[in-house]
Every structure is written in structure tokens, then in C-alpha cells.
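Have a look at model23.cif below; it lists mmCIF, C-alpha atoms and all ligand atoms.
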```
data_upload
#
loop_
_atom_site.label_atom_id
_atom_site.label_comp_id
_atom_site.auth_asym_id
_atom_site.auth_seq_id
_atom_site.Cartn_x
_atom_site.Cartn_y
_atom_site.Cartn_z
CA MET A 1 0.00 0.00 0.00
CA SER A 2 1.44 3.36 0.95
CA ILE A 3 4.93 3.93 2.25
CA PHE A 4 3.29 5.06 5.45
CA GLU A 5 3.34 1.65 7.10
CA ASP A 6 7.03 1.03 6.43
CA VAL A 7 8.04 4.46 7.55
CA ILE A 8 5.98 4.42 10.71
CA VAL A 9 7.29 1.00 11.70
CA ASN A 10 10.89 2.12 11.25
CA ALA A 11 10.25 5.40 12.95
CA LYS A 12 8.51 3.83 15.91
CA ALA A 13 11.36 1.38 16.32
CA VAL A 14 13.90 4.12 16.77
CA VAL A 15 11.82 6.83 18.36
CA GLY A 16 13.23 6.01 21.77
CA THR A 17 16.62 7.29 20.69
CA VAL A 18 15.31 10.49 19.17
CA GLY A 19 16.04 12.74 22.10
CA LYS A 20 19.69 11.75 22.13
CA LYS A 21 20.54 11.45 18.48
CA ALA A 22 18.14 13.67 16.58
CA GLY A 23 18.45 13.53 12.84
CA GLU A 24 20.80 10.57 12.86
CA VAL A 25 18.33 7.74 12.95
CA ILE A 26 15.10 8.94 11.48
CA ASP A 27 14.95 10.13 7.91
CA ILE A 28 12.71 13.13 8.42
CA SER A 29 12.07 13.57 4.72
CA LYS A 30 10.53 10.10 4.68
CA LEU A 31 8.31 11.00 7.60
CA LYS A 32 7.23 14.16 5.83
CA LEU A 33 6.50 12.17 2.71
CA ALA A 34 4.40 9.78 4.75
CA ALA A 35 2.54 12.70 6.31
CA ALA A 36 1.82 14.11 2.86
CA ASP A 37 0.65 10.67 1.78
CA LEU A 38 -1.68 10.53 4.75
CA LYS A 39 -3.02 14.00 4.06
CA SER A 40 -3.95 13.02 0.53
CA GLU A 41 -5.67 9.89 1.88
CA ILE A 42 -7.70 12.13 4.14
CA ASN A 43 -8.55 14.45 1.25
CA VAL A 44 -9.75 11.51 -0.81
CA LYS A 45 -12.06 10.48 2.03
CA TYR A 46 -13.38 14.02 2.26
CA GLN A 47 -14.10 13.97 -1.46
CA ILE A 48 -15.97 10.68 -1.21
CA LEU A 49 -17.89 11.98 1.78
CA GLY A 50 -18.89 15.04 -0.24
CA ARG A 51 -19.97 12.87 -3.12
CA VAL A 52 -22.01 10.61 -0.85
CA THR A 53 -23.74 13.66 0.59
CA PHE A 54 -24.44 14.95 -2.91
CA GLU A 55 -25.89 11.61 -4.01
CA GLU A 56 -27.98 11.44 -0.88
CA MET A 57 -29.46 14.86 -1.48
CA ASN A 58 -30.18 14.16 -5.12
CA THR A 59 -31.42 10.59 -4.99
CA GLY A 60 -33.17 10.63 -1.63
CA LYS A 61 -31.32 7.44 -0.66
CA ASP A 62 -30.07 7.03 2.87
CA TYR A 63 -26.28 6.91 3.03
CA THR A 64 -26.05 7.58 6.75
CA LYS A 65 -24.12 4.38 7.38
CA SER A 66 -21.59 5.07 4.64
CA LYS A 67 -21.14 8.60 5.88
CA GLN A 68 -20.59 7.39 9.43
CA GLU A 69 -17.99 4.88 8.21
CA LEU A 70 -16.19 7.54 6.22
CA SER A 71 -16.28 9.92 9.12
CA ASP A 72 -14.76 7.28 11.40
CA GLN A 73 -12.06 6.52 8.85
CA ILE A 74 -11.22 10.20 8.51
CA LYS A 75 -11.01 10.58 12.27
CA GLU A 76 -8.66 7.61 12.48
CA LEU A 77 -6.47 8.88 9.66
CA LYS A 78 -6.34 12.29 11.29
CA SER A 79 -5.18 10.82 14.58
CA HIS A 80 -2.48 8.91 12.67
CA LEU A 81 -1.45 12.15 11.03
CA ASP A 82 -1.30 13.84 14.41
CA SER A 83 1.02 11.21 15.83
CA LEU A 84 3.14 11.34 12.70
CA ASN A 85 3.41 15.12 12.99
CA ASP A 86 4.37 14.73 16.63
CA LEU A 87 7.03 12.26 15.59
CA ILE A 88 8.37 14.62 12.93
CA ALA A 89 8.40 17.49 15.40
CA SER A 90 10.22 15.51 18.05
CA SER A 91 12.67 14.20 15.45
CA MET A 92 13.41 17.78 14.50
CA GLN A 93 13.57 18.68 18.18
CA LYS A 94 10.70 21.05 17.75
CA THR A 95 8.46 21.92 20.63
CA LYS A 96 4.72 21.57 20.31
CA CYS A 97 2.65 24.20 22.04
CA SER A 98 0.35 22.61 24.57
CA SER A 99 -2.14 25.40 24.09
CA CYS A 100 -2.58 25.83 20.33
CA GLY A 101 -0.62 22.87 18.92
CA ALA A 102 1.80 24.97 16.85
CA TYR A 103 5.36 23.70 16.40
CA ASN A 104 8.11 25.99 17.60
CA ALA A 105 11.84 25.99 16.98
CA LYS A 106 14.14 24.16 19.36
CA GLY A 107 14.94 26.26 22.39
CA ALA A 108 11.93 28.55 22.00
CA VAL A 109 10.55 29.60 25.35
CA PHE A 110 7.21 30.96 24.21
CA CYS A 111 4.90 29.88 21.40
CA SER A 112 5.36 32.02 18.31
CA LYS A 113 1.67 31.69 17.54
CA CYS A 114 -0.19 32.18 20.81
CA GLY A 115 2.51 33.19 23.28
CA GLU A 116 1.98 30.25 25.63
CA LYS A 117 5.03 29.18 27.68
CA LEU A 118 6.52 26.04 26.14
CA VAL A 119 7.68 22.89 27.86
CA SER A 120 11.09 21.53 26.92
CA THR A 121 11.54 19.08 24.05
CA THR A 122 13.24 16.54 26.26
CA GLU A 123 10.30 16.50 28.58
CA GLN A 124 7.97 16.09 25.65
CA ALA A 125 9.98 13.27 24.07
CA GLU A 126 9.60 11.25 27.23
CA HIS A 127 5.87 11.49 26.85
CA MET A 128 5.94 9.91 23.41
CA GLU A 129 4.34 6.50 23.22
CA PRO A 130 6.29 4.43 20.71
CA ASP A 131 4.16 1.39 21.40
CA ASP A 132 1.10 2.92 19.80
CA VAL A 133 0.23 0.65 16.93
CA ILE A 134 -0.81 2.39 13.80
CA ASP A 135 -2.87 0.15 11.62
CA PHE A 136 -3.83 1.37 8.23
CA THR A 137 -7.52 0.79 7.74
CA GLU A 138 -8.53 -0.70 4.44
CA ASP A 139 -10.74 1.41 2.29
CA ASN A 140 -13.82 -0.72 2.54
CA PHE A 141 -16.15 1.86 1.15
CA ASP A 142 -17.20 0.91 -2.32
CA ASP A 143 -18.08 4.12 -4.06
CA ASP A 144 -19.17 2.30 -7.19
CA ASP A 145 -22.38 1.63 -5.29
CA LEU A 146 -23.28 5.22 -5.84
CA LEU A 147 -23.48 5.04 -9.59
ZN ZN B 201 0.65 28.21 21.00
#
```

Could you show the structure in this file as C-alpha cells?
Amino acid sequence: MSIFEDVIVNAKAVVGTVGKKAGEVIDISKLKLAAADLKSEINVKYQILGRVTFEEMNTGKDYTKSKQELSDQIKELKSHLDSLNDLIASSMQKTKCSSCGAYNAKGAVFCSKCGEKLVSTTEQAEHMEPDDVIDFTEDNFDDDDLL
């Protein structure tokens, strides 16, 4: 499927060492590529969701179940993207603002976006949970049903 699985497995395996040897172990460009991949997956789901809604409005058929499934899938993908972004940020030794979620440069004391005081990267890295399993849900929505 996507390169996401491979990348995330490798990244998760080495994430424990991130704080000590940033940039040496994780290929950040691969993580960014995986994040972009994931974003486009999410966009595809949004498009299908929009199409389902359109069909529903114009045919009077009830696609509530399909919409719920899509919505769940999008939520899951988004949470994967969040953890991936966290991983990228910690790999780059960036500090995530606990208030607004913006990523700030290493060593920043206050958030550049909202001004919140930032916690240190080291502290944050310890809170990472490398054991989180990211499973990539199959696209089981058959949009041919709509035509
Ligand atoms: Zn902030």
C-alpha cells in the first residue's frame, strides 16, 4: 500500500533514541512524505464523503451508514497524522505548544503563535508513546455503489 506503514514501523522502532541522536536515525524527509501521503488519503475520504452527501441529497437514498464509516475513517487517519506530525516534530527537536498545537523551533521559550510558555523538548519526548500501533484501515467503502 502506501509507504506510510514502512516508515511508521521504522520510525517507531527508533523513536526512543530520538532525544539523544536527533536527525541521525530517522529520515525526516521520509516521515514528511508519509505525512503528505496521509493528508492526501484524508482528502480523498473528504471527497468521497462530499460525493455521498451529494448523491444522498439528489437521490433521496439514505447513506447515513456510509457517511458514518467515512467519518470514522477520517477521524482515524487524522489521529495517525497527528502522531506522525508529533514524531516529525520531536525528530526535528521542535516543541509543540500545549495550548494551540503549533510547532516551535528548538529552544523557543514561548509559542510564536499564541505566546503560551513552552515545555522543553526533552520533557515532551519522554511522553511519546512508541508502542502505539498504527494500523492502516482498508478502504472498505465501495463508491461504485453510488453510480
Ligand atoms: Zn501556542

For CA of Leu118 (chain A) and CA of Ile88 (chain A), quote the distance in Å rounded to one decimal.
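Distance between the two atoms: 17.6 Å.
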
Near-ligand residues for ligand ZN 201 (chain B), threshold 12 Å, all atoms listed in the file, as a PyMOL selection string:
chain A and resi 95-104+108-119

Non-local contacts of Lys94 (chain A) (6 Å; only C-alpha atoms; under 4 positions in same chain excluded) as a list in words
Ala89, Ser90, Asn104, Ala105 and Lys106 of chain A

Point out the residue among A:Gln93, A:Lys45, A:Ser40, A:Leu31 with the least atom-to-atom distance to Gln68 (chain A), counting all atoms listed in the file.
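Comparing A:Gln93, A:Lys45, A:Ser40, A:Leu31 against Gln68 (chain A), the winner is A:Lys45.
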
So for region 95-103 of chain A, what box centre and size do we get, axis-aligned, 6 Å extra on each of the six sides, every listed atom, Å to one decimal, as JSON?
```
{"center_x": 2.9, "center_y": 23.7, "center_z": 20.5, "size_x": 23.0, "size_y": 16.3, "size_z": 20.2}
```

Students should find that CA of Ser91 (chain A) and CA of Leu33 (chain A) are spaced 14.3 Å

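Note that the spacing between CA of Ala36 (chain A) and CA of Ile48 (chain A) amounts to 18.6 Å.
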
Please provide the set of residues having any atom within 12 Å of Lys78 (chain A), restricted to all atoms listed in the file, with same-chain residues fewer than 5 positions apart removed, written as a list in words.
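My list of contacting residues is Ala35, Ala36, Asp37, Leu38, Lys39, Ser40, Glu41, Ile42, Asn43, Lys45, Tyr46, Ser71, Asp72, Gln73, Ser83, Leu84, Asn85, Ile134 and Phe136 of chain A.
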